[in-house]
$ cat run.pdb   # PDB, C-alpha atoms and all ligand atoms
MODEL        1
ATOM      1  CA  MET A  11      73.638  25.757 187.139
ATOM      2  CA  THR A  12      73.250  22.169 188.167
ATOM      3  CA  THR A  13      71.214  19.426 186.592
ATOM      4  CA  SER A  14      70.720  15.795 187.432
ATOM      5  CA  PHE A  15      73.183  14.880 184.617
ATOM      6  CA  VAL A  16      71.674  11.444 183.951
ATOM      7  CA  ARG A  17      68.265  10.596 182.520
ATOM      8  CA  VAL A  18      67.082   7.010 182.262
ATOM      9  CA  SER A  19      63.893   6.619 180.190
ATOM     10  CA  ASP A  20      60.800   5.403 182.028
ATOM     11  CA  GLU A  21      60.657   2.221 179.960
ATOM     12  CA  VAL A  22      64.285   1.351 180.736
ATOM     13  CA  ALA A  23      64.078   2.327 184.428
ATOM     14  CA  GLU A  24      60.942   0.248 184.943
ATOM     15  CA  ALA A  25      62.405  -2.784 183.181
ATOM     16  CA  VAL A  26      65.615  -2.557 185.266
ATOM     17  CA  ALA A  27      63.613  -2.214 188.493
ATOM     18  CA  ASP A  28      61.517  -5.269 187.563
ATOM     19  CA  HIS A  29      64.622  -7.278 186.528
ATOM     20  CA  ARG A  30      63.274  -7.603 183.002
ATOM     21  CA  PRO A  31      65.744  -7.903 180.081
ATOM     22  CA  VAL A  32      67.336  -4.675 178.809
ATOM     23  CA  VAL A  33      70.038  -4.220 176.147
ATOM     24  CA  ALA A  34      72.092  -1.018 176.056
ATOM     25  CA  MET A  35      73.283   0.199 172.646
ATOM     26  CA  GLU A  36      76.046   2.646 171.742
ATOM     27  CA  SER A  37      75.244   5.534 169.385
ATOM     28  CA  THR A  38      78.505   6.250 167.520
ATOM     29  CA  ILE A  39      77.822   3.433 165.057
ATOM     30  CA  PHE A  40      74.400   4.949 164.213
ATOM     31  CA  SER A  41      75.749   8.473 163.667
ATOM     32  CA  SER A  42      77.459   9.878 160.598
ATOM     33  CA  LEU A  43      80.748   8.862 162.261
ATOM     34  CA  GLY A  44      79.810   5.181 162.026
ATOM     35  CA  LEU A  45      77.619   4.677 158.950
ATOM     36  CA  PRO A  46      76.446   6.735 155.962
ATOM     37  CA  SER A  47      72.829   7.950 155.849
ATOM     38  CA  PRO A  48      70.277   6.373 155.400
ATOM     39  CA  SER A  49      71.966   3.065 156.332
ATOM     40  CA  ASN A  50      72.546   4.389 159.838
ATOM     41  CA  ARG A  51      68.794   4.677 160.476
ATOM     42  CA  GLU A  52      68.166   1.243 158.963
ATOM     43  CA  CYS A  53      70.868  -0.193 161.213
ATOM     44  CA  LEU A  54      69.304   1.322 164.317
ATOM     45  CA  ASP A  55      65.807   0.116 163.324
ATOM     46  CA  ARG A  56      67.055  -3.414 162.753
ATOM     47  CA  CYS A  57      68.948  -3.477 166.060
ATOM     48  CA  ILE A  58      65.935  -2.185 167.984
ATOM     49  CA  ARG A  59      63.688  -4.790 166.333
ATOM     50  CA  ALA A  60      66.208  -7.536 167.128
ATOM     51  CA  VAL A  61      66.225  -6.516 170.807
ATOM     52  CA  ARG A  62      62.435  -6.255 171.044
ATOM     53  CA  ALA A  63      61.947  -9.572 169.226
ATOM     54  CA  ASN A  64      62.352 -11.552 172.457
ATOM     55  CA  GLY A  65      60.730  -8.948 174.696
ATOM     56  CA  SER A  66      63.910  -7.141 175.729
ATOM     57  CA  VAL A  67      63.957  -3.353 176.049
ATOM     58  CA  PRO A  68      66.495  -1.374 173.972
ATOM     59  CA  ALA A  69      68.422   1.392 175.765
ATOM     60  CA  LEU A  70      70.210   3.646 173.271
ATOM     61  CA  THR A  71      72.775   5.847 175.013
ATOM     62  CA  ALA A  72      73.819   9.399 174.042
ATOM     63  CA  ILE A  73      74.525  12.860 175.417
ATOM     64  CA  LEU A  74      71.692  15.348 174.864
ATOM     65  CA  ASP A  75      71.780  18.941 176.135
ATOM     66  CA  GLY A  76      74.396  18.211 178.756
ATOM     67  CA  THR A  77      72.557  15.148 180.062
ATOM     68  CA  ALA A  78      73.668  11.533 179.732
ATOM     69  CA  VAL A  79      70.642   9.691 178.385
ATOM     70  CA  VAL A  80      70.010   5.956 178.690
ATOM     71  CA  GLY A  81      66.998   5.160 176.520
ATOM     72  CA  VAL A  82      66.923   7.709 173.686
ATOM     73  CA  VAL A  83      63.435   7.699 172.121
ATOM     74  CA  GLY A  84      61.162   9.619 169.749
ATOM     75  CA  ASP A  85      62.379  12.825 168.065
ATOM     76  CA  GLU A  86      65.675  12.665 169.940
ATOM     77  CA  ILE A  87      66.713   9.763 167.733
ATOM     78  CA  ASP A  88      67.001  12.105 164.728
ATOM     79  CA  ARG A  89      69.402  14.313 166.659
ATOM     80  CA  VAL A  90      71.560  11.306 167.492
ATOM     81  CA  LEU A  91      71.651  10.056 163.890
ATOM     82  CA  ALA A  92      72.877  13.474 162.717
ATOM     83  CA  ALA A  93      75.423  13.975 165.508
ATOM     84  CA  THR A  94      79.117  14.546 164.815
ATOM     85  CA  ALA A  95      80.592  14.766 168.324
ATOM     86  CA  LYS A  96      82.065  11.477 169.532
ATOM     87  CA  VAL A  97      81.977  10.957 173.301
ATOM     88  CA  ALA A  98      84.208   8.345 174.925
ATOM     89  CA  ALA A  99      84.019   7.724 178.673
ATOM     90  CA  ARG A 100      86.684  10.320 179.391
ATOM     91  CA  ASP A 101      84.651  12.888 177.426
ATOM     92  CA  ILE A 102      81.524  12.423 179.565
ATOM     93  CA  PRO A 103      82.630  14.862 182.300
ATOM     94  CA  THR A 104      83.422  17.610 179.784
ATOM     95  CA  ALA A 105      80.215  16.912 177.819
ATOM     96  CA  LEU A 106      78.092  17.218 180.955
ATOM     97  CA  GLY A 107      80.037  20.142 182.368
ATOM     98  CA  SER A 108      79.903  22.186 179.179
ATOM     99  CA  GLY A 109      76.319  21.244 178.304
ATOM    100  CA  LEU A 110      77.168  19.522 175.009
ATOM    101  CA  GLU A 111      74.082  19.638 172.746
ATOM    102  CA  VAL A 112      74.460  16.228 171.088
ATOM    103  CA  GLY A 113      77.163  13.633 171.573
ATOM    104  CA  VAL A 114      77.272  10.039 170.403
ATOM    105  CA  THR A 115      78.676   7.492 172.799
ATOM    106  CA  THR A 116      81.446   5.034 171.991
ATOM    107  CA  VAL A 117      81.734   1.625 173.632
ATOM    108  CA  SER A 118      83.607   3.040 176.634
ATOM    109  CA  ALA A 119      80.981   5.723 177.290
ATOM    110  CA  SER A 120      78.107   3.317 176.680
ATOM    111  CA  VAL A 121      79.265   0.636 179.132
ATOM    112  CA  THR A 122      79.824   3.373 181.702
ATOM    113  CA  LEU A 123      76.264   4.633 181.269
ATOM    114  CA  ALA A 124      74.777   1.131 181.054
ATOM    115  CA  ALA A 125      76.380   0.210 184.373
ATOM    116  CA  ARG A 126      75.183   3.457 185.933
ATOM    117  CA  ALA A 127      71.593   2.640 184.882
ATOM    118  CA  GLY A 128      71.794  -0.961 186.096
ATOM    119  CA  VAL A 129      71.754  -2.416 182.560
ATOM    120  CA  GLU A 130      73.856  -5.582 182.401
ATOM    121  CA  VAL A 131      74.039  -6.303 178.670
ATOM    122  CA  PHE A 132      75.321  -4.078 175.896
ATOM    123  CA  ALA A 133      75.476  -4.560 172.110
ATOM    124  CA  THR A 134      77.922  -2.808 169.786
ATOM    125  CA  GLY A 135      79.238  -3.388 166.257
ATOM    126  CA  GLY A 136      82.929  -3.568 167.011
ATOM    127  CA  ILE A 137      84.986  -2.402 169.969
ATOM    128  CA  GLY A 138      88.036  -0.161 169.733
ATOM    129  CA  GLY A 139      91.408  -1.585 170.673
ATOM    130  CA  VAL A 140      95.140  -1.347 170.157
ATOM    131  CA  HIS A 141      95.954   0.451 166.915
ATOM    132  CA  ARG A 142      98.634  -0.732 164.536
ATOM    133  CA  GLY A 143     101.780   1.258 165.254
ATOM    134  CA  SER A 144     100.656   1.966 168.809
ATOM    135  CA  GLU A 145     104.288   1.491 169.952
ATOM    136  CA  ALA A 146     104.904   4.903 168.420
ATOM    137  CA  SER A 147     101.494   6.585 168.623
ATOM    138  CA  GLY A 148     100.298   5.229 171.978
ATOM    139  CA  ASP A 149      96.802   4.889 170.479
ATOM    140  CA  VAL A 150      94.930   2.321 172.550
ATOM    141  CA  SER A 151      91.165   2.754 172.763
ATOM    142  CA  HIS A 152      89.758   3.529 176.187
ATOM    143  CA  ASP A 153      87.121   0.891 175.320
ATOM    144  CA  LEU A 154      89.438  -1.825 176.663
ATOM    145  CA  LEU A 155      89.931  -0.243 180.085
ATOM    146  CA  ALA A 156      86.221   0.580 180.314
ATOM    147  CA  LEU A 157      85.317  -3.073 179.656
ATOM    148  CA  SER A 158      87.473  -3.999 182.646
ATOM    149  CA  ARG A 159      85.790  -1.458 184.924
ATOM    150  CA  HIS A 160      82.088  -2.123 184.500
ATOM    151  CA  ARG A 161      80.335  -5.426 185.097
ATOM    152  CA  VAL A 162      78.450  -5.531 181.806
ATOM    153  CA  VAL A 163      78.336  -8.195 179.073
ATOM    154  CA  THR A 164      79.427  -6.572 175.787
ATOM    155  CA  VAL A 165      78.546  -8.331 172.530
ATOM    156  CA  THR A 166      80.862  -7.424 169.645
ATOM    157  CA  ALA A 167      81.755  -8.761 166.186
ATOM    158  CA  GLY A 168      85.382  -8.670 167.279
ATOM    159  CA  ALA A 169      87.442  -5.527 167.096
ATOM    160  CA  LYS A 170      87.753  -3.165 164.177
ATOM    161  CA  ALA A 171      89.669  -5.034 161.502
ATOM    162  CA  PHE A 172      92.302  -2.339 161.045
ATOM    163  CA  LEU A 173      93.540  -2.712 164.612
ATOM    164  CA  ASP A 174      96.408  -4.823 165.867
ATOM    165  CA  LEU A 175      94.171  -7.693 166.953
ATOM    166  CA  ALA A 176      96.883  -9.772 168.633
ATOM    167  CA  ARG A 177      97.871  -6.848 170.850
ATOM    168  CA  THR A 178      94.220  -6.036 171.471
ATOM    169  CA  LEU A 179      93.680  -9.557 172.842
ATOM    170  CA  GLU A 180      96.878  -9.340 174.928
ATOM    171  CA  THR A 181      95.709  -6.051 176.423
ATOM    172  CA  LEU A 182      92.305  -7.506 177.283
ATOM    173  CA  GLU A 183      94.156 -10.270 179.098
ATOM    174  CA  THR A 184      96.303  -7.752 180.971
ATOM    175  CA  LEU A 185      93.171  -5.880 182.002
ATOM    176  CA  GLY A 186      91.436  -9.047 183.173
ATOM    177  CA  VAL A 187      88.591  -9.033 180.662
ATOM    178  CA  PRO A 188      87.288 -12.528 179.784
ATOM    179  CA  VAL A 189      86.967 -12.935 176.010
ATOM    180  CA  VAL A 190      84.360 -15.496 175.050
ATOM    181  CA  GLY A 191      83.718 -16.719 171.510
ATOM    182  CA  TRP A 192      80.035 -17.133 170.711
ATOM    183  CA  HIS A 193      79.835 -20.670 169.264
ATOM    184  CA  THR A 194      83.442 -20.273 168.116
ATOM    185  CA  ASP A 195      86.977 -20.634 169.432
ATOM    186  CA  ARG A 196      88.316 -17.997 167.005
ATOM    187  CA  PHE A 197      88.369 -14.243 167.530
ATOM    188  CA  PRO A 198      86.311 -12.654 164.735
ATOM    189  CA  ALA A 199      87.549  -9.631 162.776
ATOM    190  CA  PHE A 200      84.377  -7.648 162.131
ATOM    191  CA  TYR A 201      83.769  -8.135 158.370
ATOM    192  CA  VAL A 202      85.272 -11.633 158.478
ATOM    193  CA  ARG A 203      84.450 -14.487 160.831
ATOM    194  CA  ASP A 204      87.960 -15.569 161.744
ATOM    195  CA  SER A 205      90.912 -13.281 162.465
ATOM    196  CA  GLY A 206      93.217 -16.301 162.684
ATOM    197  CA  LEU A 207      93.587 -15.725 166.430
ATOM    198  CA  PRO A 208      92.111 -18.030 169.085
ATOM    199  CA  VAL A 209      89.917 -16.954 171.985
ATOM    200  CA  PRO A 210      90.451 -18.556 175.390
ATOM    201  CA  HIS A 211      86.863 -19.703 175.796
ATOM    202  CA  CYS A 212      83.879 -20.686 173.674
ATOM    203  CA  ALA A 213      80.289 -20.299 174.942
ATOM    204  CA  ASP A 214      77.407 -22.234 173.429
ATOM    205  CA  SER A 215      74.480 -20.753 175.320
ATOM    206  CA  ALA A 216      73.139 -17.510 176.730
ATOM    207  CA  ASP A 217      72.748 -19.228 180.099
ATOM    208  CA  GLU A 218      76.471 -19.909 180.197
ATOM    209  CA  VAL A 219      77.317 -16.247 179.576
ATOM    210  CA  ALA A 220      74.755 -15.152 182.172
ATOM    211  CA  ARG A 221      76.395 -17.465 184.720
ATOM    212  CA  MET A 222      79.805 -15.953 183.881
ATOM    213  CA  LEU A 223      78.552 -12.485 184.820
ATOM    214  CA  ARG A 224      76.922 -13.750 188.006
ATOM    215  CA  GLY A 225      80.082 -15.707 188.830
ATOM    216  CA  ALA A 226      82.207 -12.590 188.388
ATOM    217  CA  ALA A 227      79.900 -10.725 190.767
ATOM    218  CA  ALA A 228      79.977 -13.563 193.292
ATOM    219  CA  VAL A 229      83.760 -13.416 193.649
ATOM    220  CA  GLY A 230      83.966  -9.635 193.339
ATOM    221  CA  HIS A 231      85.782  -9.655 190.002
ATOM    222  CA  PRO A 232      85.325  -6.152 188.648
ATOM    223  CA  GLY A 233      84.563  -5.610 185.011
ATOM    224  CA  GLY A 234      82.554  -7.312 182.347
ATOM    225  CA  VAL A 235      82.601 -10.177 179.901
ATOM    226  CA  LEU A 236      83.364  -9.630 176.217
ATOM    227  CA  VAL A 237      81.344 -11.898 173.916
ATOM    228  CA  ALA A 238      82.784 -12.156 170.408
ATOM    229  CA  ASN A 239      80.049 -12.981 167.891
ATOM    230  CA  PRO A 240      81.218 -13.549 164.292
ATOM    231  CA  ILE A 241      79.356 -11.835 161.466
ATOM    232  CA  PRO A 242      76.631 -14.191 160.100
ATOM    233  CA  GLU A 243      78.029 -16.588 157.490
ATOM    234  CA  GLY A 244      76.101 -15.260 154.508
ATOM    235  CA  ASP A 245      77.142 -11.671 155.229
ATOM    236  CA  GLU A 246      80.887 -12.185 155.561
ATOM    237  CA  LEU A 247      83.113 -10.214 153.152
ATOM    238  CA  ASP A 248      85.911 -11.706 151.114
ATOM    239  CA  PRO A 249      89.050 -11.380 153.303
ATOM    240  CA  SER A 250      91.245 -10.195 150.415
ATOM    241  CA  LEU A 251      88.723  -7.453 149.578
ATOM    242  CA  VAL A 252      88.824  -6.379 153.233
ATOM    243  CA  ASP A 253      92.637  -6.392 153.298
ATOM    244  CA  ASN A 254      92.811  -4.126 150.261
ATOM    245  CA  ALA A 255      90.155  -1.819 151.679
ATOM    246  CA  LEU A 256      91.990  -1.615 155.004
ATOM    247  CA  ALA A 257      95.204  -0.695 153.243
ATOM    248  CA  ALA A 258      93.332   2.087 151.428
ATOM    249  CA  GLY A 259      91.868   3.324 154.710
ATOM    250  CA  LEU A 260      95.171   3.311 156.574
ATOM    251  CA  ASP A 261      96.852   5.084 153.624
ATOM    252  CA  GLU A 262      94.278   7.840 153.787
ATOM    253  CA  VAL A 263      94.832   8.253 157.529
ATOM    254  CA  ALA A 264      98.609   8.499 157.001
ATOM    255  CA  ARG A 265      98.246  10.908 154.074
ATOM    256  CA  ARG A 266      95.990  13.224 156.076
ATOM    257  CA  GLY A 267      98.158  12.894 159.186
ATOM    258  CA  LEU A 268      95.186  11.896 161.348
ATOM    259  CA  SER A 269      95.436  10.547 164.865
ATOM    260  CA  GLY A 270      93.258   9.731 167.875
ATOM    261  CA  PRO A 271      89.468   9.639 167.660
ATOM    262  CA  ALA A 272      89.507  10.988 164.077
ATOM    263  CA  VAL A 273      91.078   7.771 162.786
ATOM    264  CA  THR A 274      88.109   5.377 163.052
ATOM    265  CA  PRO A 275      85.482   7.382 161.113
ATOM    266  CA  VAL A 276      87.925   8.061 158.260
ATOM    267  CA  VAL A 277      89.034   4.437 157.969
ATOM    268  CA  LEU A 278      85.402   3.249 158.006
ATOM    269  CA  GLY A 279      84.547   5.707 155.222
ATOM    270  CA  ALA A 280      87.551   4.602 153.161
ATOM    271  CA  ILE A 281      86.616   0.938 153.622
ATOM    272  CA  ALA A 282      83.068   1.633 152.396
ATOM    273  CA  ALA A 283      84.509   3.360 149.311
ATOM    274  CA  ALA A 284      87.090   0.652 148.609
ATOM    275  CA  THR A 285      84.502  -2.147 148.898
ATOM    276  CA  ASP A 286      81.984  -0.331 146.660
ATOM    277  CA  GLY A 287      79.726   0.012 149.665
ATOM    278  CA  LEU A 288      79.748  -3.735 150.447
ATOM    279  CA  SER A 289      81.086  -3.026 153.929
ATOM    280  CA  VAL A 290      77.877  -1.210 154.841
ATOM    281  CA  PRO A 291      75.368  -4.110 154.579
ATOM    282  CA  ALA A 292      77.950  -6.301 156.323
ATOM    283  CA  ASN A 293      78.113  -3.765 159.147
ATOM    284  CA  LEU A 294      74.305  -3.726 159.442
ATOM    285  CA  ALA A 295      74.100  -7.522 159.507
ATOM    286  CA  LEU A 296      76.711  -7.915 162.244
ATOM    287  CA  ALA A 297      75.194  -5.145 164.383
ATOM    288  CA  GLU A 298      71.747  -6.764 164.145
ATOM    289  CA  SER A 299      73.208 -10.168 164.979
ATOM    290  CA  ASN A 300      74.997  -8.728 168.033
ATOM    291  CA  ALA A 301      71.767  -7.092 169.222
ATOM    292  CA  SER A 302      69.979 -10.419 168.902
ATOM    293  CA  VAL A 303      72.647 -12.357 170.832
ATOM    294  CA  ALA A 304      72.676  -9.627 173.505
ATOM    295  CA  ALA A 305      68.893  -9.870 173.879
ATOM    296  CA  GLY A 306      69.186 -13.624 174.449
ATOM    297  CA  ILE A 307      71.779 -13.071 177.187
ATOM    298  CA  ALA A 308      69.613 -10.365 178.787
ATOM    299  CA  LEU A 309      66.711 -12.812 178.838
ATOM    300  CA  ALA A 310      68.894 -15.497 180.449
ATOM    301  CA  LEU A 311      69.980 -13.036 183.173
ATOM    302  CA  ALA A 312      66.360 -12.098 183.835
ATOM    303  CA  ALA A 313      65.330 -15.777 184.046
ATOM    304  CA  MET A 314      68.175 -16.409 186.478
ATOM    305  CA  HIS A 315      66.855 -13.632 188.704
ATOM    306  CA  ASP A 316      63.353 -15.113 188.635
ATOM    307  CA  GLU A 317      64.735 -18.485 189.692
ATOM    308  CA  GLY A 318      66.344 -16.681 192.655
TER     309      GLY A 318
HETATM  310  N1  LIG B   1      83.898   0.163 164.955
HETATM  311  C1  LIG B   1      83.045   0.336 163.928
HETATM  312  N2  LIG B   1      82.224   1.423 163.925
HETATM  313  C2  LIG B   1      82.264   2.338 164.943
HETATM  314  C3  LIG B   1      83.173   2.148 166.033
HETATM  315  C4  LIG B   1      83.969   1.031 165.986
HETATM  316  O1  LIG B   1      83.021  -0.446 163.008
HETATM  317  O2  LIG B   1      81.514   3.307 164.894
HETATM  318  C5  LIG B   1      83.224   3.128 167.176
HETATM  319  C6  LIG B   1      82.723   2.479 168.476
HETATM  320  O3  LIG B   1      81.835   3.387 169.096
HETATM  321  C7  LIG B   1      83.985   2.332 169.317
HETATM  322  C8  LIG B   1      84.782   3.520 168.852
HETATM  323  O4  LIG B   1      83.745   2.357 170.694
HETATM  324  O5  LIG B   1      84.569   3.529 167.444
HETATM  325  C9  LIG B   1      86.249   3.425 169.213
HETATM  326  O6  LIG B   1      86.867   4.624 168.898
HETATM  327  P1  LIG B   1      88.405   4.893 169.306
HETATM  328  O7  LIG B   1      89.200   3.947 168.468
HETATM  329  O8  LIG B   1      88.631   6.333 168.952
HETATM  330  O9  LIG B   1      88.511   4.629 170.772
HETATM  331 MN    MN B   2      91.955   6.098 170.181
ENDMDL
END

$ encode --input "run.pdb" --output "structure tokens" --more "lines below"
Ligand code: PSU
Ligand code: MN
Amino acid sequence: MTTSFVRVSDEVAEAVADHRPVVAMESTIFSSLGLPSPSNRECLDRCIRAVRANGSVPALTAILDGTAVVGVVGDEIDRVLAATAKVAARDIPTALGSGLEVGVTTVSASVTLAARAGVEVFATGGIGGVHRGSEASGDVSHDLLALSRHRVVTVTAGAKAFLDLARTLETLETLGVPVVGWHTDRFPAFYVRDSGLPVPHCADSADEVARMLRGAAAVGHPGGVLVANPIPEGDELDPSLVDNALAAGLDEVARRGLSGPAVTPVVLGAIAAATDGLSVPANLALAESNASVAAGIALALAAMHDEG
């Protein structure tokens, strides 16, 4: 049996062909692995509205019935929200080969599919990165390598707060991924605006980021640009609350002896519990903000094309 393996929705394919703005979105964050129901659906609705607000087209990515889909719409969205199989880029071949019914895409899988569909901008909540204790466990998210392989702008609220952020930034440097603060010179840490670590560059406009991507293409630099957008000021969590919640999450991971892809969903769940659910609205606010910034960059890229 062979299939075409990739399906790009008509709306997304037409927008890409016409050089109109499109924003790819990952699906892990919107599944039960990323957020509890019904906040996951609210998060997706808000992100889609934020993308459409300036006329951009949202392109939700997922695996459905052994096909990689760019532009999940209609009834298929319910299947994605309920999904429990996490698909990173390295899982795409096995998902397609085995005909996986429903898989939600992480950042690495989503940038791979975005690039394949010709979509140049991608919005996530937070990227994966270098885990604390990676010297022993070797756990470094494939997200980082994927960002260096595909020429896509990724908008993130920093990396997951329970990672080793200093090593995550070092690894991005090693891989040649530009890290650009959005109106900031500090790397954000998801629920809080400032991780205490600097970023090498600060961008103040969507045009500037669009020029970075075009500049990379002009010199043949492979890979994308990572835009770090801090959580909106009013939605930031108290850093000490986050620290305590992280400790609770990491304890639970150690107690249950978890490793690899199982770590993130469990830590996120533990953080929600330890913050009395406060982490969830924060997560929704940062995801929506990232979608909005991504849509602005997509519009700037489209305008640049029109200017020739
Ligand atoms: N951070 C979150 N929520 C998430 C993720 C990260 O706050 O759902 C997901 C993203 O899809 C990211 C993935 O790409 O976790 C990274 O997983 P891992 O660490 O197993 O590579
Ligand atoms: Mn991992």

$ residues_near_ligand --input "run.pdb" --ligand "ligand LIG 1 (chain B)" --cutoff "8 Å" --atoms "all atoms listed in the file" --output "PyMOL selection string"
chain A and resi 36-41+43-45+98+115-119+134-139+141+149-153+169-170+200+270-275+278+293

$ atom_distance --input "run.pdb" --atom1 "atom CA of A:Ala301" --atom2 "atom CA of A:Val229"
27.9 Å

$ atom_distance --input "run.pdb" --atom1 "atom CA of A:Gly81" --atom2 "atom CA of A:Thr164"
17.1 Å

$ closest_residue --input "run.pdb" --among "A:Pro103, A:Gly148, A:Pro232, A:Gly259" --to "ligand MN 2 (chain B)" --atoms "all atoms listed in the file"
A:Gly148

$ resolve_selection --input "run.pdb" --expression "the PyMOL selection byres (((chain A and resi 256-258) around 8) and not hetatm)" --output "number ranges by chain"
A: 171-172, 252-255, 259-262, 277, 280-281, 284

$ write_last_selection --input "run.pdb" --atoms "C-alpha atoms" --output "CSV table (one decimal), in the frame of the given file"
chain,number,residue,atom,x,y,z
A,171,ALA,CA,89.7,-5.0,161.5
A,172,PHE,CA,92.3,-2.3,161.0
A,252,VAL,CA,88.8,-6.4,153.2
A,253,ASP,CA,92.6,-6.4,153.3
A,254,ASN,CA,92.8,-4.1,150.3
A,255,ALA,CA,90.2,-1.8,151.7
A,259,GLY,CA,91.9,3.3,154.7
A,260,LEU,CA,95.2,3.3,156.6
A,261,ASP,CA,96.9,5.1,153.6
A,262,GLU,CA,94.3,7.8,153.8
A,277,VAL,CA,89.0,4.4,158.0
A,280,ALA,CA,87.6,4.6,153.2
A,281,ILE,CA,86.6,0.9,153.6
A,284,ALA,CA,87.1,0.7,148.6

$ resolve_selection --input "run.pdb" --expression "the PyMOL selection byres (((chain A and resi 160) around 8) and not hetatm)" --output "PyMOL selection string"
chain A and resi 121-122+125+156-159+161-162+232-234

$ closest_residue --input "run.pdb" --among "A:Leu91, A:Val16, A:Ala127, A:Ala99" --to "ligand MN 2 (chain B)" --atoms "all atoms listed in the file"
A:Ala99

$ resolve_selection --input "run.pdb" --expression "the PyMOL selection byres (((chain A and resi 236) around 7) and not hetatm)" --output "MDAnalysis selection string"
chainID A and resid 163:165 187:190 234:235 237:238

$ closest_residue --input "run.pdb" --among "A:Phe197, A:Ala310, A:Ala227, A:Glu298" --to "A:Ala63" --atoms "only C-alpha atoms"
A:Glu298

$ closest_residue --input "run.pdb" --among "A:Arg100, A:Arg224, A:Arg56, A:Arg203" --to "A:Gly318" --atoms "all atoms listed in the file"
A:Arg224

$ atom_distance --input "run.pdb" --atom1 "atom CA of A:Val32" --atom2 "atom CA of A:Ala95"
25.8 Å

$ residues_near_point --input "run.pdb" --point "(70.2, -11.4, 184.1)" --cutoff "8 Å" --atoms "all atoms listed in the file" --output "VMD selection string"
chain A and resid 29 to 31 130 220 307 to 315

$ closest_residue --input "run.pdb" --among "A:Val263, A:Val82, A:Cys57, A:Leu185" --to "A:Asp20" --atoms "all atoms listed in the file"
A:Val82
